[in-house]
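J.: If it helps, the file is called coords-v6.cif and holds mmCIF, C-alpha atoms and all ligand atoms:
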data_data
loop_
_atom_site.label_atom_id
_atom_site.label_comp_id
_atom_site.auth_asym_id
_atom_site.auth_seq_id
_atom_site.Cartn_x
_atom_site.Cartn_y
_atom_site.Cartn_z
CA MET Z 1 0.00 0.00 0.00
CA LYS Z 2 1.17 3.51 -0.82
CA LYS Z 3 2.55 5.39 2.20
CA PRO Z 4 0.95 8.75 3.00
CA PRO Z 5 3.25 11.67 2.15
CA LYS Z 6 5.40 12.80 5.06
CA ARG Z 7 4.21 16.06 6.61
CA ARG Z 8 6.92 18.62 6.11
CA ARG Z 9 7.27 20.93 9.07
CA THR Z 10 7.96 24.61 8.54
CA PRO Z 11 11.67 25.21 9.11
CA LEU Z 12 12.52 26.48 12.56
CA PHE Z 13 14.01 29.73 11.28
CA GLU Z 14 14.71 31.82 8.21
CA VAL Z 15 17.49 34.20 7.21
CA ARG Z 16 16.52 37.69 6.07
CA HIS Z 17 17.48 41.33 6.42
CA SER Z 18 17.71 42.46 10.03
CA PRO Z 19 17.09 45.87 11.60
CA ILE Z 20 20.14 45.19 13.78
CA HIS Z 21 22.71 44.53 11.06
CA GLY Z 22 22.87 42.97 7.58
CA TYR Z 23 21.21 39.58 7.62
CA GLY Z 24 19.72 38.05 10.72
CA VAL Z 25 17.99 34.80 11.67
CA PHE Z 26 14.29 34.87 12.56
CA ALA Z 27 12.04 32.26 14.13
CA ALA Z 28 9.68 30.84 11.48
CA ARG Z 29 7.66 29.05 14.16
CA ARG Z 30 7.60 28.90 17.93
CA ILE Z 31 10.88 27.67 19.34
CA ARG Z 32 10.66 26.23 22.81
CA LYS Z 33 13.11 27.09 25.59
CA GLY Z 34 15.95 24.56 25.59
CA THR Z 35 15.73 23.79 21.86
CA THR Z 36 19.06 23.39 20.11
CA VAL Z 37 18.43 25.69 17.16
CA ILE Z 38 21.54 25.09 15.09
CA GLU Z 39 25.21 24.11 15.25
CA TYR Z 40 27.73 26.84 14.41
CA LEU Z 41 29.57 25.31 11.46
CA GLY Z 42 32.53 26.40 9.37
CA GLU Z 43 36.14 25.60 8.73
CA ARG Z 44 38.12 24.79 11.87
CA VAL Z 45 41.42 26.65 11.88
CA SER Z 46 44.12 27.69 14.34
CA HIS Z 47 44.16 31.19 15.86
CA ALA Z 48 47.21 32.01 13.70
CA GLN Z 49 45.35 30.99 10.56
CA ALA Z 50 42.33 33.05 11.61
CA ASP Z 51 44.59 36.07 12.20
CA ALA Z 52 46.15 35.63 8.76
CA ARG Z 53 42.74 35.58 7.09
CA TYR Z 54 41.77 38.93 8.59
CA GLU Z 55 45.21 40.51 8.38
CA ASP Z 56 44.39 42.95 5.58
CA LYS Z 57 41.07 44.02 7.00
CA ASP Z 58 40.37 47.56 8.11
CA PRO Z 59 40.88 47.54 11.93
CA ASN Z 60 37.75 49.69 12.23
CA ASP Z 61 35.61 47.06 10.54
CA ASN Z 62 34.19 44.85 13.29
CA HIS Z 63 32.61 42.27 10.98
CA THR Z 64 33.62 38.68 11.75
CA PHE Z 65 32.41 35.13 11.21
CA LEU Z 66 34.96 33.74 13.69
CA PHE Z 67 34.01 31.77 16.79
CA THR Z 68 36.63 30.63 19.31
CA VAL Z 69 36.22 27.01 20.41
CA ASP Z 70 39.28 26.91 22.70
CA ALA Z 71 42.93 27.96 22.85
CA LYS Z 72 43.72 25.91 19.76
CA THR Z 73 40.70 26.17 17.50
CA VAL Z 74 38.60 28.83 15.83
CA ILE Z 75 35.61 28.16 13.58
CA ASP Z 76 35.64 30.37 10.48
CA ALA Z 77 32.03 30.36 9.31
CA GLY Z 78 33.08 32.40 6.28
CA VAL Z 79 34.21 29.05 4.83
CA ASN Z 80 31.62 26.26 4.66
CA GLY Z 81 29.52 28.05 7.27
CA ASN Z 82 25.78 27.60 7.73
CA GLU Z 83 22.95 29.96 8.74
CA ALA Z 84 24.30 30.18 12.31
CA ARG Z 85 26.77 32.76 11.06
CA TYR Z 86 23.90 35.20 10.51
CA ILE Z 87 22.70 35.23 14.12
CA ASN Z 88 23.29 38.73 15.44
CA HIS Z 89 24.39 39.80 18.89
CA GLY Z 90 21.78 40.92 21.41
CA CYS Z 91 22.20 42.37 24.93
CA ALA Z 92 18.86 40.82 25.99
CA PRO Z 93 19.26 37.62 23.99
CA ASN Z 94 16.83 34.76 23.47
CA CYS Z 95 19.61 32.24 22.72
CA GLU Z 96 23.03 31.30 24.03
CA SER Z 97 26.00 29.44 22.63
CA THR Z 98 27.06 26.21 24.27
CA THR Z 99 30.11 24.02 23.73
CA LEU Z 100 29.87 20.26 23.57
CA ARG Z 101 32.94 18.20 22.75
CA LYS Z 102 34.52 21.09 20.87
CA ARG Z 103 31.35 21.74 18.87
CA ILE Z 104 29.32 24.94 19.23
CA PHE Z 105 25.53 24.92 19.40
CA ILE Z 106 23.03 27.77 19.62
CA GLU Z 107 20.28 27.04 22.11
CA ALA Z 108 17.03 28.90 22.95
CA ILE Z 109 17.11 30.22 26.54
CA ARG Z 110 13.43 31.15 26.48
CA THR Z 111 10.46 30.37 24.26
CA ILE Z 112 10.76 32.41 21.06
CA GLN Z 113 7.70 33.49 19.08
CA PRO Z 114 7.48 33.31 15.27
CA GLY Z 115 8.99 36.42 13.66
CA GLU Z 116 11.34 37.21 16.57
CA GLU Z 117 14.95 37.69 15.64
CA LEU Z 118 17.31 35.18 17.25
CA SER Z 119 20.29 36.59 19.11
CA TYR Z 120 22.90 35.60 21.62
CA ASP Z 121 25.34 37.67 23.63
CA TYR Z 122 28.66 37.61 21.74
CA GLN Z 123 30.57 38.84 24.83
CA ILE Z 124 33.63 39.33 22.67
CA GLN Z 125 36.72 39.20 24.86
CA ARG Z 126 38.52 42.40 25.74
CA ASP Z 127 42.27 42.60 25.60
CA LEU Z 128 45.04 44.75 27.10
CA ASP Z 129 45.93 46.46 23.86
CA ASP Z 130 42.41 47.30 22.76
CA ALA Z 131 42.18 50.71 21.11
CA PRO Z 132 40.63 53.40 23.36
CA ASP Z 133 37.66 53.58 20.96
CA VAL Z 134 37.15 49.80 20.89
CA ASP Z 135 33.57 50.09 22.21
CA GLU Z 136 32.72 52.44 19.34
CA ILE Z 137 34.21 50.04 16.82
CA TYR Z 138 32.17 47.19 18.34
CA ALA Z 139 29.07 49.36 18.96
CA CYS Z 140 25.90 47.35 19.50
CA ARG Z 141 22.69 48.18 17.69
CA CYS Z 142 20.50 45.49 19.21
CA GLY Z 143 17.90 48.03 20.39
CA ALA Z 144 17.27 46.30 23.73
CA GLN Z 145 16.19 48.53 26.62
CA ASN Z 146 19.23 47.39 28.57
CA CYS Z 147 21.61 47.48 25.58
CA ARG Z 148 25.13 47.92 26.98
CA GLY Z 149 26.17 49.66 23.77
CA SER Z 150 28.91 47.21 22.87
CA MET Z 151 29.27 43.67 21.54
CA LEU Z 152 32.30 43.28 23.81
CA GLU Z 153 32.00 41.72 27.24
CA ALA Z 154 31.20 44.19 30.02
CA PRO Z 155 34.43 45.77 31.35
CA LYS Z 156 35.85 44.01 34.40
CA LYS Z 157 35.17 45.86 37.66
CA GLY Z 158 38.06 47.90 39.01
CA GLY Z 159 40.46 47.58 36.15
CA SER Z 160 41.34 47.10 32.57
CA ALA Z 161 41.23 43.87 30.62
CA LYS Z 162 43.80 41.18 31.29
CA ARG Z 163 45.38 38.97 28.68
CA ALA Z 164 43.23 36.03 29.61
CA GLY Z 165 43.10 32.55 28.16
CA ARG Z 166 40.88 32.17 25.17
CA ARG Z 167 37.39 31.20 26.20
CA ASP Z 168 34.75 30.08 23.75
CA GLY Z 169 32.73 32.79 22.04
CA VAL Z 170 32.57 35.05 19.06
CA ARG Z 171 36.06 36.16 18.26
CA SER Z 172 37.10 39.59 17.09
CA GLN Z 173 39.08 39.86 13.88
CA ARG Z 174 41.75 41.86 15.68
CA ARG Z 175 45.19 40.34 15.37
CA GLY Z 176 46.56 38.44 18.36
CA ARG Z 177 43.22 37.94 20.07
C1 LIG Z 201 28.31 36.56 12.70
S1 LIG Z 201 27.94 38.07 11.87
C2 LIG Z 201 26.19 38.20 12.05
C3 LIG Z 201 25.50 38.36 10.71
C4 LIG Z 201 25.60 39.74 10.08
N1 LIG Z 201 24.40 40.51 10.39
C5 LIG Z 201 25.78 39.61 8.59
O1 LIG Z 201 24.88 39.97 7.81
O2 LIG Z 201 26.85 39.13 8.16
C6 LIG Z 201 28.59 39.13 13.08
C7 LIG Z 201 28.69 40.57 12.66
O3 LIG Z 201 27.40 41.17 12.51
C8 LIG Z 201 27.41 42.49 13.03
N2 LIG Z 201 26.51 42.53 14.20
C9 LIG Z 201 25.97 41.48 14.83
N3 LIG Z 201 25.23 41.87 15.87
C10 LIG Z 201 25.29 43.21 15.92
C11 LIG Z 201 24.77 44.18 16.80
N4 LIG Z 201 23.99 43.87 17.83
N5 LIG Z 201 25.08 45.49 16.58
C12 LIG Z 201 25.87 45.84 15.54
N6 LIG Z 201 26.41 44.96 14.66
C13 LIG Z 201 26.13 43.65 14.85
C14 LIG Z 201 28.84 42.80 13.41
O4 LIG Z 201 29.50 43.36 12.30
C15 LIG Z 201 29.39 41.41 13.70
O5 LIG Z 201 30.77 41.30 13.58
ZN ZN Z 202 22.92 45.79 22.60
#
Output the file's structure as structure tokens, nothing else.
T.:
Amino acid sequence: MKKPPKRRRTPLFEVRHSPIHGYGVFAARRIRKGTTVIEYLGERVSHAQADARYEDKDPNDNHTFLFTVDAKTVIDAGVNGNEARYINHGCAPNCESTTLRKRIFIEAIRTIQPGEELSYDYQIQRDLDDAPDVDEIYACRCGAQNCRGSMLEAPKKGGSAKRAGRRDGVRSQRRGR
């Protein structure tokens, strides 16, 4: 007997122009809290290779598709990347990035309604030799009421940034970071 056609579900999200920046990723249907939305894919390279790829870029251009996995590995979603690379930063995000066995996943931290733009907090690491205007270069346009104005992590209390180990997260294109 002929099998009934499989019901195709609407995709979870779609990529389209975003009021925040360039393209963004939007919920196409309700996404429940705790859902793994997508894996952040791309070419896995060393930090030195990632630096080399962005070497000729204007230092005032903050655009990056790099995501630090650990001290050894960076994912460059500019090469073989998927839609995860279009998820913008938000200061009141509805998603977060998680690391599982050196793979990066984007997970919903609350229920997201259809049409809402997906975002996670990039918390890009600060460094000792950041330019004084680094927060302007990495200015945030997420539009949240509590927007901290920057895609960088909040400044550490009582002092400047330290040259810390590389933790997972969106990585700036600045050399040596
Ligand atoms: C991984 S891409 C996200 C997709 C990006 N909108 C695009 O079309 O390529 C990250 C870059 O998007 C921009 N971006 C993401 N979130 C932003 C925000 N909240 N405010 C300003 N620019 C943002 C920055 O240039 C950032 O380096
Ligand atoms: Zn913001």
J.: Once you count only C-alpha atoms, what closest atom pair and distance in Å to one decimal does each residue of range 11-83 of chain Z within 10 Å of range 142-154 of chain Z have, with rows by chain and rising residue number, as a Markdown table?
T.:
| residue | atom | partner | partner_atom | distance |
| --- | --- | --- | --- | --- |
| Z:Pro19 | CA | Z:Cys142 | CA | 8.3 |
| Z:Ile20 | CA | Z:Cys142 | CA | 5.5 |
| Z:His21 | CA | Z:Cys142 | CA | 8.5 |
| Z:Asn62 | CA | Z:Met151 | CA | 9.7 |
J.: If we count only C-alpha atoms and set the cut-off at 8 Å, which residues sit around Phe67 in chain Z, ignoring sequence neighbours fewer than 2 positions away in its own chain? Please answer as an MDAnalysis selection string.
T.: chainID Z and resid 65 69 74:77 168:171
J.: Which residue gives the smallest distance to Thr64 in chain Z among Z:Phe13, Z:Tyr138, Z:Phe26, Z:Phe105, with all atoms listed in the file counted?
T.: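 Counting all atoms listed in the file, the residue closest to Thr64 in chain Z is Z:Tyr138.
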J.: Pick the closest to Ala139 in chain Z from Z:Ser46, Z:Asn60, Z:Thr10, Z:Asn82: which is it, counting only C-alpha atoms?
T.: Z:Asn60
J.: Box along x, y and z, 6 Å on every side, all listed atoms of range 119-129 of chain Z inside: centre and edge lengths in Å to one decimal, as JSON.
T.:
{"center_x": 33.1, "center_y": 41.0, "center_z": 23.1, "size_x": 37.6, "size_y": 22.9, "size_z": 20.0}
J.: Which of these residues is nearest to Thr98 in chain Z, using all atoms listed in the file: Z:Glu83, Z:Asp51, Z:Asp121, Z:Glu14?
T.: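 Counting all atoms listed in the file, the residue closest to Thr98 in chain Z is Z:Asp121.
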J.: Between CA of Lys102 in chain Z and CA of Gln123 in chain Z, what distance in Å does the model show, to one decimal?
T.: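 Going from CA of Lys102 in chain Z over to CA of Gln123 in chain Z covers 18.6 Å.
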J.: Which is closer to ligand ZN 202 (chain Z) than all the others in Z:Arg32, Z:Arg141, Z:Arg8, Z:Arg110, using only C-alpha atoms and all ligand atoms?
T.: Z:Arg141
J.: Can you work out which one of Z:Cys91, Z:Ile104, Z:Ala84, Z:His63 has the shortest atom-to-atom distance to ligand ZN 202 (chain Z), counting all atoms listed in the file?
T.: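 For ligand ZN 202 (chain Z), the nearest of the candidates is Z:Cys91.
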J.: Taking (23.1, 25.2, 16.3) in the file's coordinates, which residues come within 10 Å, counting only C-alpha atoms, written as a PyMOL selection string?
T.: chain Z and resi 35-41+82-85+96-98+103-108
